[in-house]
Amino acid sequence: EARLAEMGYGTGRVDGVFDDVTRIALIAFQKWEGLKVTGRLSRGDFEAIMNAREPRARDSGYKHVEVDLDRQVLLLFDEEGTVTRILPVSTGSNKQYKEKGGRGLAYTPRGRFRVESKIAGWRESPLGLLYYPSYFSGGVAIHGNPSVPNEPESHGCIRIPMLAAVEIY
């Protein structure tokens, strides 16, 4: 737990208790390292944690967020390029959808973006509820959601665990 926290995988209070926050941190680590994503600590996971290095920013010198769509993780960096938080995410599935009166491709755009707008609290969108959304590409946002599958399953938004939504906002 202490080693995960050192590397930026927000474990909450380091107290030796494997709670929901620690489980989310372990899932983010498993995704980043390309391990089997179980949310359960195995001997192999333990060894990988003890030997891992913290992720580095692709671009440093300013506070920003990077989302690795292939690994399905979000990394929050400070001005020096030091990781301060790593979260598991679920992004667009790249499949066609037709539901709730809408249709389209469940696609999360790649590239560099600025946050265009934010809404504190809950926001009802045509495709569902978003918790503390930060919009960066039209209707696409980083937002809290009670369901953050281990694979890409959203309509295009970047789903993050509810417990981190206010911090990332």
# chains A, B, ... in the order shown; residues from 1 in each chain; ligands from 1

call {"tool": "residues_around", "arguments": {"residues": "Ile168 of chain A", "least_positions_apart": "2", "cutoff": "9 Å", "atoms": "only C-alpha atoms", "output": "CSV table (one decimal) with N, CA and C atoms, in the first residue's frame"}}
result
chain,number,residue,atom,x,y,z
A,65,VAL,N,-3.3,16.4,-17.2
A,65,VAL,CA,-3.8,15.1,-17.2
A,65,VAL,C,-3.4,14.4,-18.5
A,76,LEU,N,-2.5,12.0,-13.4
A,76,LEU,CA,-2.5,13.5,-13.1
A,76,LEU,C,-1.1,13.9,-12.7
A,132,TYR,N,-19.5,15.4,-11.8
A,132,TYR,CA,-18.4,16.3,-11.9
A,132,TYR,C,-17.7,16.2,-13.3
A,134,SER,N,-15.8,17.2,-16.6
A,134,SER,CA,-14.9,18.2,-17.2
A,134,SER,C,-14.9,17.9,-18.7
A,142,ILE,N,-14.3,13.9,-18.9
A,142,ILE,CA,-13.8,13.1,-17.9
A,142,ILE,C,-14.8,13.2,-16.7
A,143,HIS,N,-15.4,12.1,-16.2
A,143,HIS,CA,-16.4,12.3,-15.2
A,143,HIS,C,-16.5,11.0,-14.3
A,160,ILE,N,-14.2,7.7,-14.6
A,160,ILE,CA,-13.3,7.5,-13.5
A,160,ILE,C,-14.1,7.1,-12.3
A,164,ALA,N,-12.8,9.8,-6.9
A,164,ALA,CA,-11.8,10.7,-7.4
A,164,ALA,C,-12.4,11.8,-8.3
A,165,ALA,N,-13.7,11.8,-8.5
A,165,ALA,CA,-14.3,12.8,-9.4
A,165,ALA,C,-14.1,14.2,-9.0
A,166,VAL,N,-14.3,14.5,-7.8
A,166,VAL,CA,-14.1,15.9,-7.3
A,166,VAL,C,-12.7,16.4,-7.4

call {"tool": "residues_around", "arguments": {"residues": "Val140 of chain A", "least_positions_apart": "6", "cutoff": "8 Å", "atoms": "only C-alpha atoms", "output": "PyMOL selection string"}}
result
chain A and resi 108+156-158

call {"tool": "write_last_selection", "arguments": {"atoms": "N, CA and C atoms", "output": "mmCIF file, in the first residue's frame"}}
result
data_model
loop_
_atom_site.group_PDB
_atom_site.id
_atom_site.type_symbol
_atom_site.label_atom_id
_atom_site.label_comp_id
_atom_site.auth_asym_id
_atom_site.auth_seq_id
_atom_site.Cartn_x
_atom_site.Cartn_y
_atom_site.Cartn_z
ATOM 1 N N THR A 108 -13.560 7.687 -28.057
ATOM 2 C CA THR A 108 -12.846 8.680 -27.261
ATOM 3 C C THR A 108 -11.751 9.258 -28.146
ATOM 4 N N GLY A 156 -17.872 7.180 -25.038
ATOM 5 C CA GLY A 156 -16.788 8.040 -25.506
ATOM 6 C C GLY A 156 -16.159 8.841 -24.391
ATOM 7 N N CYS A 157 -16.917 9.069 -23.333
ATOM 8 C CA CYS A 157 -16.372 9.790 -22.181
ATOM 9 C C CYS A 157 -15.321 8.944 -21.471
ATOM 10 N N ILE A 158 -14.573 9.602 -20.600
ATOM 11 C CA ILE A 158 -13.574 8.925 -19.782
ATOM 12 C C ILE A 158 -14.166 8.777 -18.393
#

call {"tool": "closest_residue", "arguments": {"among": "A:Thr11, A:Ser117, A:Thr22, A:Thr84", "to": "Glu54 of chain A", "atoms": "only C-alpha atoms"}}
result
A:Thr84

call {"tool": "residues_around", "arguments": {"residues": "segment 119-131 of chain A", "least_positions_apart": "4", "cutoff": "9 Å", "atoms": "only C-alpha atoms", "output": "list of chain:residue names"}}
result
A:Glu99, A:Lys100, A:Gly101, A:Gly102, A:Tyr135, A:Gly139, A:Ala141, A:Ile142, A:His143, A:Gly144, A:Asn145, A:His155, A:Arg159, A:Met162, A:Ala165, A:Val166, A:Tyr169

call {"tool": "write_last_selection", "arguments": {"atoms": "all heavy atoms", "output": "tab-separated table (two decimals), in the first residue's frame"}}
result
chain	number	residue	atom	x	y	z
A	99	GLU	N	-29.14	3.85	-28.57
A	99	GLU	CA	-29.90	3.77	-27.33
A	99	GLU	C	-30.33	5.16	-26.89
A	99	GLU	O	-29.73	6.15	-27.27
A	99	GLU	CB	-29.10	3.08	-26.24
A	99	GLU	CG	-27.82	3.78	-25.88
A	99	GLU	CD	-27.00	3.02	-24.86
A	99	GLU	OE1	-26.26	2.10	-25.26
A	99	GLU	OE2	-27.13	3.34	-23.68
A	100	LYS	N	-31.36	5.19	-26.08
A	100	LYS	CA	-31.88	6.43	-25.50
A	100	LYS	C	-32.09	7.51	-26.55
A	100	LYS	O	-31.83	8.69	-26.34
A	100	LYS	CB	-30.95	6.94	-24.39
A	100	LYS	CG	-30.79	5.96	-23.24
A	100	LYS	CD	-29.89	6.50	-22.17
A	100	LYS	CE	-29.74	5.46	-21.07
A	100	LYS	NZ	-28.84	5.88	-20.01
A	101	GLY	N	-32.53	7.10	-27.73
A	101	GLY	CA	-32.82	8.05	-28.81
A	101	GLY	C	-31.59	8.54	-29.55
A	101	GLY	O	-31.70	9.36	-30.45
A	102	GLY	N	-30.43	8.07	-29.18
A	102	GLY	CA	-29.21	8.49	-29.86
A	102	GLY	C	-28.51	7.34	-30.53
A	102	GLY	O	-28.77	6.18	-30.22
A	135	TYR	N	-15.56	18.81	-19.49
A	135	TYR	CA	-15.69	18.61	-20.94
A	135	TYR	C	-14.44	19.09	-21.66
A	135	TYR	O	-13.97	20.19	-21.43
A	135	TYR	CB	-16.91	19.37	-21.46
A	135	TYR	CG	-18.20	18.81	-20.92
A	135	TYR	CD1	-18.78	19.34	-19.78
A	135	TYR	CD2	-18.83	17.75	-21.56
A	135	TYR	CE1	-19.96	18.81	-19.27
A	135	TYR	CE2	-20.01	17.22	-21.06
A	135	TYR	CZ	-20.57	17.76	-19.92
A	135	TYR	OH	-21.72	17.23	-19.42
A	139	GLY	N	-19.14	17.11	-26.38
A	139	GLY	CA	-19.86	16.45	-25.30
A	139	GLY	C	-19.07	15.37	-24.59
A	139	GLY	O	-19.61	14.64	-23.77
A	141	ALA	N	-16.35	14.03	-21.94
A	141	ALA	CA	-15.86	14.55	-20.66
A	141	ALA	C	-15.15	13.46	-19.86
A	141	ALA	O	-15.35	12.27	-20.07
A	141	ALA	CB	-17.04	15.08	-19.84
A	142	ILE	N	-14.34	13.93	-18.93
A	142	ILE	CA	-13.83	13.08	-17.86
A	142	ILE	C	-14.83	13.25	-16.74
A	142	ILE	O	-15.13	14.38	-16.34
A	142	ILE	CB	-12.43	13.54	-17.39
A	142	ILE	CG1	-11.42	13.44	-18.53
A	142	ILE	CG2	-11.97	12.72	-16.19
A	142	ILE	CD1	-10.08	14.09	-18.22
A	143	HIS	N	-15.38	12.15	-16.22
A	143	HIS	CA	-16.40	12.28	-15.17
A	143	HIS	C	-16.46	11.03	-14.30
A	143	HIS	O	-16.11	9.93	-14.73
A	143	HIS	CB	-17.77	12.57	-15.76
A	143	HIS	CG	-18.33	11.45	-16.58
A	143	HIS	ND1	-19.03	10.40	-16.03
A	143	HIS	CD2	-18.29	11.22	-17.91
A	143	HIS	CE1	-19.41	9.57	-16.99
A	143	HIS	NE2	-18.97	10.04	-18.14
A	144	GLY	N	-16.95	11.24	-13.10
A	144	GLY	CA	-17.17	10.12	-12.20
A	144	GLY	C	-18.35	9.29	-12.65
A	144	GLY	O	-19.31	9.81	-13.23
A	145	ASN	N	-18.24	7.99	-12.40
A	145	ASN	CA	-19.32	7.07	-12.74
A	145	ASN	C	-19.25	5.89	-11.76
A	145	ASN	O	-18.16	5.42	-11.45
A	145	ASN	CB	-19.18	6.59	-14.18
A	145	ASN	CG	-20.42	5.89	-14.68
A	145	ASN	OD1	-20.70	4.76	-14.32
A	145	ASN	ND2	-21.17	6.58	-15.52
A	155	HIS	N	-19.57	5.47	-23.88
A	155	HIS	CA	-20.00	6.01	-25.17
A	155	HIS	C	-18.94	6.91	-25.78
A	155	HIS	O	-19.10	7.40	-26.88
A	155	HIS	CB	-21.31	6.79	-25.01
A	155	HIS	CG	-22.47	5.94	-24.68
A	155	HIS	ND1	-22.96	5.84	-23.40
A	155	HIS	CD2	-23.24	5.13	-25.44
A	155	HIS	CE1	-23.99	5.01	-23.39
A	155	HIS	NE2	-24.19	4.56	-24.60
A	159	ARG	N	-14.60	7.57	-18.08
A	159	ARG	CA	-15.18	7.29	-16.77
A	159	ARG	C	-14.08	7.08	-15.75
A	159	ARG	O	-13.13	6.33	-16.01
A	159	ARG	CB	-16.03	6.03	-16.80
A	159	ARG	CG	-17.25	6.09	-17.63
A	159	ARG	CD	-18.00	4.79	-17.44
A	159	ARG	NE	-19.03	4.59	-18.44
A	159	ARG	CZ	-19.71	3.47	-18.56
A	159	ARG	NH1	-19.47	2.45	-17.74
A	159	ARG	NH2	-20.65	3.36	-19.48
A	162	MET	N	-15.92	7.18	-8.80
A	162	MET	CA	-16.65	8.25	-8.12
A	162	MET	C	-15.78	8.94	-7.06
A	162	MET	O	-15.81	10.16	-6.93
A	162	MET	CB	-17.91	7.71	-7.46
A	162	MET	CG	-18.94	7.18	-8.44
A	162	MET	SD	-19.74	8.47	-9.37
A	162	MET	CE	-20.83	9.11	-8.11
A	165	ALA	N	-13.67	11.80	-8.50
A	165	ALA	CA	-14.28	12.76	-9.44
A	165	ALA	C	-14.08	14.22	-9.01
A	165	ALA	O	-13.75	15.06	-9.86
A	165	ALA	CB	-15.76	12.45	-9.63
A	166	VAL	N	-14.28	14.52	-7.75
A	166	VAL	CA	-14.15	15.91	-7.30
A	166	VAL	C	-12.69	16.36	-7.41
A	166	VAL	O	-12.40	17.47	-7.87
A	166	VAL	CB	-14.69	16.07	-5.86
A	166	VAL	CG1	-14.43	17.47	-5.34
A	166	VAL	CG2	-16.18	15.77	-5.82
A	169	TYR	N	-11.84	16.91	-11.08
A	169	TYR	CA	-12.59	18.08	-11.53
A	169	TYR	C	-11.82	19.36	-11.22
A	169	TYR	O	-11.65	20.23	-12.00
A	169	TYR	CB	-13.95	18.09	-10.84
A	169	TYR	CG	-14.77	19.33	-11.02
A	169	TYR	CD1	-15.57	19.46	-12.15
A	169	TYR	CD2	-14.77	20.33	-10.08
A	169	TYR	CE1	-16.36	20.60	-12.31
A	169	TYR	CE2	-15.55	21.47	-10.25
A	169	TYR	CZ	-16.34	21.60	-11.36
A	169	TYR	OH	-17.11	22.72	-11.52

call {"tool": "closest_residue", "arguments": {"among": "A:Arg112, A:Tyr107, A:Val17, A:Gly34", "to": "Asp59 of chain A", "atoms": "only C-alpha atoms"}}
result
A:Arg112

call {"tool": "select_by_dssp", "arguments": {"residues": "chain A", "states": "strand (DSSP E or B)", "output": "NGL selection string"}}
result
:A and (64-68 or 73-77 or 83-88 or 90 or 92 or 96-99 or 102-105 or 117-118 or 122-125 or 128-137 or 140-145 or 154 or 158-161)

call {"tool": "closest_residue", "arguments": {"among": "A:Ala48, A:Val21, A:Val148, A:Leu163", "to": "Glu33 of chain A", "atoms": "only C-alpha atoms"}}
result
A:Ala48

call {"tool": "atom_distance", "arguments": {"atom1": "atom CA of Pro88 of chain A", "atom2": "atom CA of Leu74 of chain A"}}
result
6.3 Å

call {"tool": "closest_atom_pairs", "arguments": {"of": "segment 51-145 of chain A", "to": "segment 36-44 of chain A", "cutoff": "12 Å", "atoms": "only C-alpha atoms", "output": "tab-separated table"}}
result
residue	atom	partner	partner_atom	distance
A:Asn51	CA	A:Gly44	CA	10.7
A:Ala52	CA	A:Gly44	CA	11.9
A:Arg71	CA	A:Val37	CA	10.9
A:Gln72	CA	A:Val37	CA	11.1
A:Pro88	CA	A:Val37	CA	10.4

call {"tool": "closest_residue", "arguments": {"among": "A:Arg53, A:Gly111, A:Gly10, A:Ser147", "to": "Ala28 of chain A", "atoms": "only C-alpha atoms"}}
result
A:Gly10

call {"tool": "select_by_dssp", "arguments": {"residues": "chain A", "states": "alpha helix (DSSP H)", "output": "count of residues only"}}
result
32

call {"tool": "atom_distance", "arguments": {"atom1": "atom CA of Arg114 of chain A", "atom2": "atom CA of Glu6 of chain A"}}
result
27.9 Å

call {"tool": "atom_distance", "arguments": {"atom1": "atom CA of Ile86 of chain A", "atom2": "atom CA of Ala25 of chain A"}}
result
7.4 Å
